[in-house]
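*Asks:* Dropping in protein.cif, which is mmCIF, C-alpha atoms and all ligand atoms:
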data_run
loop_
_atom_site.group_PDB
_atom_site.id
_atom_site.type_symbol
_atom_site.label_atom_id
_atom_site.label_comp_id
_atom_site.auth_asym_id
_atom_site.auth_seq_id
_atom_site.Cartn_x
_atom_site.Cartn_y
_atom_site.Cartn_z
ATOM 1 C CA MET P 27 159.057 85.889 69.775
ATOM 2 C CA THR P 28 160.480 89.446 69.527
ATOM 3 C CA ASP P 29 160.091 91.691 72.617
ATOM 4 C CA VAL P 30 157.518 94.450 72.319
ATOM 5 C CA ILE P 31 159.145 97.872 71.930
ATOM 6 C CA THR P 32 157.451 100.296 74.298
ATOM 7 C CA SER P 33 159.791 103.265 74.262
ATOM 8 C CA ALA P 34 159.931 105.869 71.521
ATOM 9 C CA ALA P 35 163.574 106.299 72.578
ATOM 10 C CA ASN P 36 164.388 102.795 71.312
ATOM 11 C CA PRO P 37 167.193 103.230 68.738
ATOM 12 C CA ARG P 38 165.297 101.284 66.064
ATOM 13 C CA ILE P 39 162.209 103.457 66.498
ATOM 14 C CA LYS P 40 164.367 106.595 66.477
ATOM 15 C CA ARG P 41 166.039 105.448 63.274
ATOM 16 C CA ILE P 42 162.657 104.934 61.581
ATOM 17 C CA LYS P 43 161.409 108.269 62.928
ATOM 18 C CA GLY P 44 164.523 109.781 61.340
ATOM 19 C CA LEU P 45 163.022 108.944 57.921
ATOM 20 C CA ASP P 46 160.834 112.032 58.424
ATOM 21 C CA LEU P 47 163.946 113.927 57.312
ATOM 22 C CA LYS P 48 164.954 113.964 53.654
ATOM 23 C CA LYS P 49 168.626 113.714 54.653
ATOM 24 C CA HIS P 50 167.993 110.362 56.345
ATOM 25 C CA ARG P 51 165.795 109.099 53.517
ATOM 26 C CA ASN P 52 168.545 109.956 51.047
ATOM 27 C CA GLU P 53 171.291 108.365 53.142
ATOM 28 C CA SER P 54 169.397 105.132 53.785
ATOM 29 C CA GLY P 55 167.469 104.993 50.504
ATOM 30 C CA GLN P 56 164.450 104.046 52.619
ATOM 31 C CA PHE P 57 161.004 105.522 53.292
ATOM 32 C CA LEU P 58 157.973 104.853 55.443
ATOM 33 C CA ALA P 59 154.473 103.826 54.356
ATOM 34 C CA GLU P 60 151.459 103.521 56.656
ATOM 35 C CA GLY P 61 148.383 101.346 56.566
ATOM 36 C CA VAL P 62 147.582 97.637 56.364
ATOM 37 C CA LYS P 63 146.314 97.588 52.783
ATOM 38 C CA ILE P 64 149.034 99.860 51.416
ATOM 39 C CA VAL P 65 151.873 97.957 53.101
ATOM 40 C CA LEU P 66 150.469 94.543 52.167
ATOM 41 C CA ASP P 67 149.943 95.623 48.533
ATOM 42 C CA ALA P 68 153.535 96.885 48.405
ATOM 43 C CA LEU P 69 154.859 93.570 49.727
ATOM 44 C CA GLU P 70 152.729 91.632 47.258
ATOM 45 C CA ARG P 71 154.027 93.814 44.410
ATOM 46 C CA GLY P 72 157.551 92.775 45.392
ATOM 47 C CA TRP P 73 158.793 95.981 47.038
ATOM 48 C CA LYS P 74 161.683 95.172 49.365
ATOM 49 C CA PRO P 75 160.967 95.914 53.029
ATOM 50 C CA ALA P 76 163.703 96.932 55.465
ATOM 51 C CA ALA P 77 161.381 96.711 58.486
ATOM 52 C CA LEU P 78 157.793 96.119 59.468
ATOM 53 C CA VAL P 79 156.348 97.883 62.516
ATOM 54 C CA TYR P 80 153.059 96.587 63.893
ATOM 55 C CA ALA P 81 150.833 97.040 66.952
ATOM 56 C CA HIS P 82 151.965 94.258 69.287
ATOM 57 C CA ASP P 83 148.379 93.047 69.831
ATOM 58 C CA SER P 84 147.545 92.871 66.108
ATOM 59 C CA ALA P 85 149.877 90.074 64.968
ATOM 60 C CA GLU P 86 146.947 87.629 64.834
ATOM 61 C CA ASP P 87 145.018 89.812 62.372
ATOM 62 C CA PRO P 88 145.058 87.766 59.118
ATOM 63 C CA LEU P 89 146.251 90.643 56.911
ATOM 64 C CA ILE P 90 148.967 91.715 59.332
ATOM 65 C CA ALA P 91 150.008 88.070 59.811
ATOM 66 C CA LYS P 92 150.325 87.797 56.020
ATOM 67 C CA ALA P 93 152.414 90.978 55.868
ATOM 68 C CA ILE P 94 154.664 89.648 58.630
ATOM 69 C CA GLN P 95 155.111 86.379 56.748
ATOM 70 C CA LEU P 96 156.026 88.161 53.483
ATOM 71 C CA ALA P 97 158.417 90.554 55.260
ATOM 72 C CA ARG P 98 160.073 87.741 57.213
ATOM 73 C CA ALA P 99 160.716 85.882 53.947
ATOM 74 C CA GLN P 100 162.716 88.938 52.827
ATOM 75 C CA ASP P 101 164.698 89.186 56.076
ATOM 76 C CA ALA P 102 163.058 92.456 57.107
ATOM 77 C CA GLU P 103 163.276 93.572 60.746
ATOM 78 C CA LEU P 104 160.010 92.706 62.527
ATOM 79 C CA LEU P 105 159.147 95.226 65.229
ATOM 80 C CA PRO P 106 156.076 94.715 67.456
ATOM 81 C CA VAL P 107 155.467 97.991 69.267
ATOM 82 C CA SER P 108 153.214 99.510 71.935
ATOM 83 C CA ASP P 109 150.498 102.008 71.015
ATOM 84 C CA GLY P 110 152.699 104.800 72.373
ATOM 85 C CA ALA P 111 155.643 103.886 70.135
ATOM 86 C CA LEU P 112 153.291 103.526 67.142
ATOM 87 C CA LYS P 113 151.869 107.006 67.763
ATOM 88 C CA LYS P 114 155.384 108.404 67.760
ATOM 89 C CA LEU P 115 156.019 107.038 64.250
ATOM 90 C CA SER P 116 152.607 107.702 62.762
ATOM 91 C CA HIS P 117 151.621 110.931 61.062
ATOM 92 C CA ARG P 118 147.931 110.258 61.500
ATOM 93 C CA ASP P 119 145.474 111.189 64.241
ATOM 94 C CA ASN P 120 144.397 107.537 64.311
ATOM 95 C CA PRO P 121 147.675 105.643 63.928
ATOM 96 C CA GLN P 122 147.510 102.638 61.611
ATOM 97 C CA SER P 123 148.452 99.280 63.110
ATOM 98 C CA LEU P 124 150.977 98.511 60.358
ATOM 99 C CA LEU P 125 153.877 100.556 59.022
ATOM 100 C CA GLY P 126 156.421 99.412 56.486
ATOM 101 C CA VAL P 127 159.918 100.737 55.873
ATOM 102 C CA PHE P 128 160.731 100.129 52.201
ATOM 103 C CA TYR P 129 163.696 100.693 49.903
ATOM 104 C CA GLN P 130 163.103 103.501 47.380
ATOM 105 C CA ARG P 131 163.043 102.726 43.667
ATOM 106 C CA TRP P 132 164.129 105.135 40.951
ATOM 107 C CA ALA P 133 163.776 104.439 37.234
ATOM 108 C CA GLY P 134 166.583 105.869 35.116
ATOM 109 C CA VAL P 135 165.379 108.488 32.648
ATOM 110 C CA GLU P 136 167.324 106.508 30.041
ATOM 111 C CA ALA P 137 165.116 103.480 30.713
ATOM 112 C CA ILE P 138 161.979 105.507 29.977
ATOM 113 C CA LYS P 139 163.195 105.919 26.408
ATOM 114 C CA MET P 140 162.508 102.247 25.891
ATOM 115 C CA LEU P 141 158.996 102.363 27.312
ATOM 116 C CA LYS P 142 155.785 103.174 25.533
ATOM 117 C CA GLY P 143 152.853 104.885 27.150
ATOM 118 C CA LEU P 144 151.895 108.017 28.963
ATOM 119 C CA TRP P 145 154.182 109.896 31.365
ATOM 120 C CA VAL P 146 154.025 113.100 33.383
ATOM 121 C CA GLY P 147 157.020 115.428 33.730
ATOM 122 C CA LEU P 148 156.951 117.839 36.683
ATOM 123 C CA ASP P 149 159.078 120.960 36.651
ATOM 124 C CA ARG P 150 160.277 121.775 40.218
ATOM 125 C CA VAL P 151 157.099 120.558 41.958
ATOM 126 C CA ARG P 152 157.207 121.968 45.496
ATOM 127 C CA ASP P 153 154.144 120.702 47.309
ATOM 128 C CA PRO P 154 154.287 117.060 48.528
ATOM 129 C CA GLY P 155 150.482 116.887 48.614
ATOM 130 C CA ASN P 156 150.326 117.909 44.943
ATOM 131 C CA LEU P 157 153.008 115.362 44.054
ATOM 132 C CA GLY P 158 151.256 112.516 45.904
ATOM 133 C CA THR P 159 147.918 113.423 44.314
ATOM 134 C CA ILE P 160 149.531 113.433 40.855
ATOM 135 C CA ILE P 161 151.158 110.024 41.488
ATOM 136 C CA ARG P 162 147.732 108.684 42.491
ATOM 137 C CA THR P 163 146.127 110.130 39.340
ATOM 138 C CA VAL P 164 148.892 108.766 37.089
ATOM 139 C CA ASP P 165 148.144 105.325 38.533
ATOM 140 C CA ALA P 166 144.361 105.761 38.195
ATOM 141 C CA VAL P 167 144.542 106.729 34.515
ATOM 142 C CA GLY P 168 146.903 103.844 33.746
ATOM 143 C CA ALA P 169 149.879 106.055 32.873
ATOM 144 C CA LYS P 170 153.401 104.762 33.416
ATOM 145 C CA GLY P 171 155.061 107.215 35.751
ATOM 146 C CA VAL P 172 156.442 110.592 36.700
ATOM 147 C CA VAL P 173 159.701 112.297 35.782
ATOM 148 C CA LEU P 174 160.768 114.847 38.410
ATOM 149 C CA ILE P 175 162.708 117.668 36.769
ATOM 150 C CA GLY P 176 165.011 120.005 38.705
ATOM 151 C CA ASP P 177 164.705 120.657 42.425
ATOM 152 C CA CYS P 178 161.490 118.829 43.316
ATOM 153 C CA THR P 179 159.886 117.832 46.594
ATOM 154 C CA ASP P 180 160.569 114.222 47.591
ATOM 155 C CA PRO P 181 157.965 111.659 46.423
ATOM 156 C CA TYR P 182 159.097 109.465 49.329
ATOM 157 C CA ALA P 183 158.287 112.105 51.991
ATOM 158 C CA GLN P 184 155.470 110.998 54.316
ATOM 159 C CA GLU P 185 153.034 113.649 53.076
ATOM 160 C CA ALA P 186 153.566 112.673 49.432
ATOM 161 C CA VAL P 187 153.324 108.938 50.181
ATOM 162 C CA ARG P 188 150.151 109.526 52.151
ATOM 163 C CA ALA P 189 148.535 111.614 49.389
ATOM 164 C CA ALA P 190 149.471 108.928 46.831
ATOM 165 C CA MET P 191 147.373 106.360 48.769
ATOM 166 C CA GLY P 192 149.479 103.361 47.731
ATOM 167 C CA SER P 193 150.099 104.472 44.137
ATOM 168 C CA THR P 194 153.755 105.219 45.007
ATOM 169 C CA PHE P 195 154.183 101.458 44.674
ATOM 170 C CA ALA P 196 152.379 101.233 41.340
ATOM 171 C CA VAL P 197 154.026 103.856 39.121
ATOM 172 C CA LYS P 198 157.591 104.499 38.029
ATOM 173 C CA LEU P 199 159.478 107.505 39.391
ATOM 174 C CA ALA P 200 162.467 109.057 37.659
ATOM 175 C CA ARG P 201 164.422 112.260 38.293
ATOM 176 C CA ALA P 202 166.539 114.482 36.087
ATOM 177 C CA THR P 203 168.142 117.889 36.144
ATOM 178 C CA GLU P 204 166.775 120.327 33.571
ATOM 179 C CA ASP P 205 169.946 119.772 31.500
ATOM 180 C CA GLU P 206 169.530 115.988 31.638
ATOM 181 C CA PHE P 207 165.867 116.269 30.713
ATOM 182 C CA MET P 208 166.620 118.501 27.713
ATOM 183 C CA THR P 209 169.242 116.054 26.408
ATOM 184 C CA TRP P 210 166.875 113.150 26.916
ATOM 185 C CA ALA P 211 163.958 115.016 25.278
ATOM 186 C CA ASP P 212 166.072 115.588 22.141
ATOM 187 C CA LEU P 213 166.627 111.852 21.771
ATOM 188 C CA TRP P 214 163.141 110.687 22.737
ATOM 189 C CA ASP P 215 160.895 109.724 19.858
ATOM 190 C CA GLY P 216 157.652 110.344 21.767
ATOM 191 C CA GLN P 217 155.464 113.448 21.931
ATOM 192 C CA ILE P 218 155.987 116.102 24.633
ATOM 193 C CA VAL P 219 152.917 118.178 25.484
ATOM 194 C CA GLY P 220 153.500 121.170 27.735
ATOM 195 C CA THR P 221 150.758 122.931 29.669
ATOM 196 C CA HIS P 222 150.969 126.701 29.815
ATOM 197 C CA LEU P 223 148.640 129.533 30.760
ATOM 198 C CA LYS P 224 149.726 131.472 27.666
ATOM 199 C CA ALA P 225 149.199 128.562 25.265
ATOM 200 C CA THR P 226 146.639 129.141 22.534
ATOM 201 C CA GLN P 227 145.708 125.505 21.824
ATOM 202 C CA ASP P 228 142.900 123.857 23.789
ATOM 203 C CA TYR P 229 144.051 120.636 25.507
ATOM 204 C CA ARG P 230 141.168 118.766 23.808
ATOM 205 C CA ALA P 231 142.184 119.849 20.318
ATOM 206 C CA ILE P 232 145.503 118.041 19.829
ATOM 207 C CA ASP P 233 146.249 114.528 18.539
ATOM 208 C CA TRP P 234 147.653 112.480 21.373
ATOM 209 C CA GLN P 235 150.354 109.963 20.446
ATOM 210 C CA ASP P 236 150.673 106.629 22.196
ATOM 211 C CA GLN P 237 154.062 107.583 23.583
ATOM 212 C CA CYS P 238 153.598 110.912 25.286
ATOM 213 C CA LEU P 239 154.929 112.957 28.186
ATOM 214 C CA ILE P 240 152.773 115.744 29.631
ATOM 215 C CA LEU P 241 154.953 118.505 31.041
ATOM 216 C CA MET P 242 153.597 120.520 33.984
ATOM 217 C CA GLY P 243 155.034 123.753 35.405
ATOM 218 C CA ASN P 244 156.036 124.775 38.919
ATOM 219 C CA GLU P 245 153.243 125.926 41.245
ATOM 220 C CA GLN P 246 154.482 129.526 41.438
ATOM 221 C CA ALA P 247 156.505 130.143 38.299
ATOM 222 C CA GLY P 248 154.985 127.792 35.708
ATOM 223 C CA LEU P 249 157.132 126.002 33.125
ATOM 224 C CA THR P 250 160.642 127.366 32.504
ATOM 225 C CA PRO P 251 161.000 128.883 29.005
ATOM 226 C CA ARG P 252 163.743 126.317 28.296
ATOM 227 C CA LEU P 253 161.497 123.360 29.137
ATOM 228 C CA GLY P 254 158.824 125.020 26.994
ATOM 229 C CA THR P 255 161.146 124.675 23.982
ATOM 230 C CA SER P 256 161.210 120.873 24.421
ATOM 231 C CA CYS P 257 157.436 120.663 23.805
ATOM 232 C CA HIS P 258 155.884 119.617 20.493
ATOM 233 C CA ASP P 259 152.571 121.095 21.620
ATOM 234 C CA LEU P 260 151.658 123.671 24.269
ATOM 235 C CA VAL P 261 148.096 123.460 25.560
ATOM 236 C CA LYS P 262 145.799 125.360 27.867
ATOM 237 C CA ILE P 263 142.737 124.378 29.884
ATOM 238 C CA PRO P 264 140.163 127.147 29.309
ATOM 239 C CA MET P 265 139.087 128.974 32.462
ATOM 240 C CA ARG P 266 135.746 130.734 32.321
ATOM 241 C CA GLY P 267 135.656 132.399 35.733
ATOM 242 C CA GLY P 268 138.036 134.812 37.393
ATOM 243 C CA ALA P 269 140.769 132.391 38.560
ATOM 244 C CA ASP P 270 144.243 133.054 37.128
ATOM 245 C CA SER P 271 145.177 129.375 37.043
ATOM 246 C CA LEU P 272 144.213 125.913 38.257
ATOM 247 C CA ASN P 273 145.961 124.002 41.024
ATOM 248 C CA LEU P 274 148.849 121.907 39.636
ATOM 249 C CA ALA P 275 147.391 118.523 40.649
ATOM 250 C CA VAL P 276 143.924 119.415 39.344
ATOM 251 C CA SER P 277 145.246 120.599 35.976
ATOM 252 C CA THR P 278 147.473 117.506 35.678
ATOM 253 C CA GLY P 279 144.412 115.322 36.303
ATOM 254 C CA ILE P 280 142.331 117.074 33.654
ATOM 255 C CA VAL P 281 144.995 116.804 30.941
ATOM 256 C CA LEU P 282 146.011 113.249 31.931
ATOM 257 C CA TYR P 283 142.441 112.007 31.595
ATOM 258 C CA GLN P 284 142.060 113.687 28.230
ATOM 259 C CA ALA P 285 145.250 112.004 26.997
ATOM 260 C CA GLY P 286 144.432 108.691 28.674
ATOM 261 C CA ASN P 287 140.923 108.573 27.188
ATOM 262 C CA ALA P 288 142.184 109.553 23.739
ATOM 263 C CA LEU P 289 144.786 106.775 23.866
ATOM 264 C CA ALA P 290 142.280 104.224 25.137
ATOM 265 C CA GLY P 291 139.870 105.231 22.356
ATOM 266 C CA ALA P 292 137.192 106.224 24.926
HETATM 267 N N1 LIG P 301 151.819 131.675 37.996
HETATM 268 C C1 LIG P 301 152.025 130.443 37.278
HETATM 269 C C2 LIG P 301 152.122 130.725 35.784
HETATM 270 O O1 LIG P 301 152.012 131.871 35.389
HETATM 271 O O2 LIG P 301 152.336 129.781 35.007
HETATM 272 C C3 LIG P 301 150.889 129.504 37.590
HETATM 273 C C4 LIG P 301 151.353 128.133 37.680
HETATM 274 S S1 LIG P 301 150.050 126.954 37.830
HETATM 275 C C5 LIG P 301 149.503 127.134 39.452
HETATM 276 C C6 LIG P 301 151.027 125.481 37.870
HETATM 277 C C7 LIG P 301 150.974 124.704 36.616
HETATM 278 O O3 LIG P 301 149.692 124.109 36.466
HETATM 279 C C8 LIG P 301 151.199 125.470 35.338
HETATM 280 O O4 LIG P 301 152.556 125.688 35.052
HETATM 281 C C9 LIG P 301 150.575 124.515 34.326
HETATM 282 O O5 LIG P 301 151.426 123.443 34.067
HETATM 283 C C10 LIG P 301 149.374 124.017 35.092
HETATM 284 N N2 LIG P 301 148.153 124.797 34.845
HETATM 285 C C11 LIG P 301 147.391 125.407 35.778
HETATM 286 N N3 LIG P 301 146.316 125.978 35.201
HETATM 287 C C12 LIG P 301 146.396 125.711 33.873
HETATM 288 C C13 LIG P 301 145.571 125.991 32.750
HETATM 289 N N4 LIG P 301 144.442 126.674 32.852
HETATM 290 N N5 LIG P 301 145.968 125.550 31.541
HETATM 291 C C14 LIG P 301 147.096 124.827 31.398
HETATM 292 N N6 LIG P 301 147.918 124.530 32.434
HETATM 293 C C15 LIG P 301 147.563 124.958 33.655
#
What does the file become when written as structure tokens?
Ligand code: SAM
*Replies:*
Amino acid sequence: MTDVITSAANPRIKRIKGLDLKKHRNESGQFLAEGVKIVLDALERGWKPAALVYAHDSAEDPLIAKAIQLARAQDAELLPVSDGALKKLSHRDNPQSLLGVFYQRWAGVEAIKMLKGLWVGLDRVRDPGNLGTIIRTVDAVGAKGVVLIGDCTDPYAQEAVRAAMGSTFAVKLARATEDEFMTWADLWDGQIVGTHLKATQDYRAIDWQDQCLILMGNEQAGLTPRLGTSCHDLVKIPMRGGADSLNLAVSTGIVLYQAGNALAGA
């Protein structure tokens, strides 16, 4: 039986807390996910855990016991902690009784070439909440994944993982510089549909192909002109009121569902 960790100054707790910083996530290749269902789903999907942190008095809970069993089978560190130590790690007002430290997964952009289906490309997405919401929507619509282009916020940051509500573990994530993306786009035999406020085509008017990447622009600056040249179609979502533009995650959701429904024949 492992001793209960009661101090937030415990080196193992401090190391996990360090995953709040991108530098430490990059160095370790790890990230933190919170919540019984999310952590258990991730383990059942085969994501490799580095550690499991749980409220010391919750080990008898059947779902947490199952998570502990799955994590132990993969040699993960098992860390029963006090409420105080849990609060230190949690980003929620009501800390969850189970946290998992997992190894990040990145799909190579090259590998995407081989895959069919619907993808989203994000140009320099800055807001982790937007990114998490988009990852969740990509999962909901049954699309394959997200390609992060240029200097993007980290999908494995707590805020992004939280907004994704478990979908981080269900979709593929790839990253590319703009140069790498342009080279890849030249070789890809799928359709690239860019979204742009100055586009003249309505997003409902185009023929969606079964291998398609929807390219979304940065929150402030929109799509770079260079990325715009990689698109076979540029589309716009009509806006009838006075707003200049839609939020990035909202507009991604609207176009994704249009493409997803067209491909599913709905
Ligand atoms: N000031 C930026 C511009 O001029 O492009 C606004 C960027 S907008 C907040 C972020 C991204 O959301 C855009 O680059 C585009 O991909 C998408 N977007 C937002 N509203 C849109 C609309 N009505 N039609 C098509 N795309 C839209």
*Asks:* Distance limit 12 Å, reference ligand LIG 301 (chain P), atoms considered: only C-alpha atoms and all ligand atoms. Which residues make the cut? Give them as a PyMOL selection string.
*Replies:* chain P and resi 146-153+156+160+219-230+240-251+253-254+259-282
*Asks:* Write out as a PyMOL selection string which residues come within 12 Å of Ala190 (chain P) when counting all atoms listed in the file, dropping same-chain ones fewer than 6 positions away.
*Replies:* chain P and resi 59-60+64+154-166+181-184+196-197+275
*Asks:* Hey, can you spit out that residue selection with C-alpha atoms as a short mmCIF file (atom, residue, chain, number, x, y, z; two decimals), keeping the file's coordinate frame?
*Replies:*
data_model
loop_
_atom_site.label_atom_id
_atom_site.label_comp_id
_atom_site.auth_asym_id
_atom_site.auth_seq_id
_atom_site.Cartn_x
_atom_site.Cartn_y
_atom_site.Cartn_z
CA ALA P 59 154.47 103.83 54.36
CA GLU P 60 151.46 103.52 56.66
CA ILE P 64 149.03 99.86 51.42
CA PRO P 154 154.29 117.06 48.53
CA GLY P 155 150.48 116.89 48.61
CA ASN P 156 150.33 117.91 44.94
CA LEU P 157 153.01 115.36 44.05
CA GLY P 158 151.26 112.52 45.90
CA THR P 159 147.92 113.42 44.31
CA ILE P 160 149.53 113.43 40.85
CA ILE P 161 151.16 110.02 41.49
CA ARG P 162 147.73 108.68 42.49
CA THR P 163 146.13 110.13 39.34
CA VAL P 164 148.89 108.77 37.09
CA ASP P 165 148.14 105.32 38.53
CA ALA P 166 144.36 105.76 38.20
CA PRO P 181 157.96 111.66 46.42
CA TYR P 182 159.10 109.46 49.33
CA ALA P 183 158.29 112.10 51.99
CA GLN P 184 155.47 111.00 54.32
CA ALA P 196 152.38 101.23 41.34
CA VAL P 197 154.03 103.86 39.12
CA ALA P 275 147.39 118.52 40.65
#
*Asks:* The PyMOL selection byres (((chain P and resi 286) around 8) and not hetatm) - which residues does that actually catch in the file I just gave you? List them as an MDAnalysis selection string.
*Replies:* chainID P and resid 144 167:169 282:285 287:290
*Asks:* Save out the residues we just selected, C-alpha atoms, as a short mmCIF file (atom, residue, chain, number, x, y, z; two decimals), in the coordinates of the input.
*Replies:*
data_model
loop_
_atom_site.label_atom_id
_atom_site.label_comp_id
_atom_site.auth_asym_id
_atom_site.auth_seq_id
_atom_site.Cartn_x
_atom_site.Cartn_y
_atom_site.Cartn_z
CA LEU P 144 151.90 108.02 28.96
CA VAL P 167 144.54 106.73 34.52
CA GLY P 168 146.90 103.84 33.75
CA ALA P 169 149.88 106.06 32.87
CA LEU P 282 146.01 113.25 31.93
CA TYR P 283 142.44 112.01 31.60
CA GLN P 284 142.06 113.69 28.23
CA ALA P 285 145.25 112.00 27.00
CA ASN P 287 140.92 108.57 27.19
CA ALA P 288 142.18 109.55 23.74
CA LEU P 289 144.79 106.78 23.87
CA ALA P 290 142.28 104.22 25.14
#
*Asks:* So the first atom is CA of Gly143 (chain P) and the second is CA of Gln237 (chain P); what is the distance between them in Å, to one decimal place?
*Replies:*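 Separating CA of Gly143 (chain P) from CA of Gln237 (chain P) is a distance of 4.6 Å.
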*Asks:* What separation in Å, quoted to one decimal, exists between CA of Pro37 (chain P) and CA of Trp132 (chain P)?
*Replies:*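 One can read the CA of Pro37 (chain P) to CA of Trp132 (chain P) distance as 28.0 Å.
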*Asks:* Using the atoms already present, construct N, CA, C and O atoms for region 128-139 of chain P and hand them back as a compact mmCIF listing (two decimals), in the coordinates of the input.
*Replies:*
# COMPACT_ATOMS: atom_id res chain seq x y z
N PHE P 128 160.38 100.74 53.48
CA PHE P 128 160.73 100.13 52.20
C PHE P 128 161.95 100.81 51.59
O PHE P 128 162.27 101.95 51.93
N TYR P 129 162.60 100.09 50.68
CA TYR P 129 163.70 100.69 49.90
C TYR P 129 163.10 101.45 48.72
O TYR P 129 162.21 100.93 48.02
N GLN P 130 163.58 102.67 48.50
CA GLN P 130 163.10 103.50 47.38
C GLN P 130 163.49 102.85 46.04
O GLN P 130 164.46 102.11 45.97
N ARG P 131 162.71 103.17 45.03
CA ARG P 131 163.04 102.73 43.67
C ARG P 131 163.04 103.93 42.75
O ARG P 131 162.09 104.72 42.77
N TRP P 132 164.06 104.06 41.95
CA TRP P 132 164.13 105.14 40.95
C TRP P 132 164.39 104.53 39.58
O TRP P 132 165.33 103.75 39.42
N ALA P 133 163.54 104.89 38.61
CA ALA P 133 163.78 104.44 37.23
C ALA P 133 164.75 105.43 36.61
O ALA P 133 164.62 106.63 36.83
N GLY P 134 165.69 104.95 35.82
CA GLY P 134 166.58 105.87 35.12
C GLY P 134 165.81 106.53 33.98
O GLY P 134 165.00 105.88 33.33
N VAL P 135 166.07 107.80 33.76
CA VAL P 135 165.38 108.49 32.65
C VAL P 135 165.70 107.77 31.33
O VAL P 135 164.86 107.66 30.45
N GLU P 136 166.92 107.24 31.25
CA GLU P 136 167.32 106.51 30.04
C GLU P 136 166.39 105.33 29.77
O GLU P 136 166.06 105.03 28.64
N ALA P 137 165.97 104.66 30.86
CA ALA P 137 165.12 103.48 30.71
C ALA P 137 163.75 103.85 30.14
O ALA P 137 163.12 103.06 29.43
N ILE P 138 163.31 105.08 30.43
CA ILE P 138 161.98 105.51 29.98
C ILE P 138 161.93 105.55 28.45
O ILE P 138 160.89 105.31 27.84
N LYS P 139 163.11 105.84 27.86
CA LYS P 139 163.20 105.92 26.41
C LYS P 139 162.67 104.64 25.76
O LYS P 139 162.12 104.65 24.67
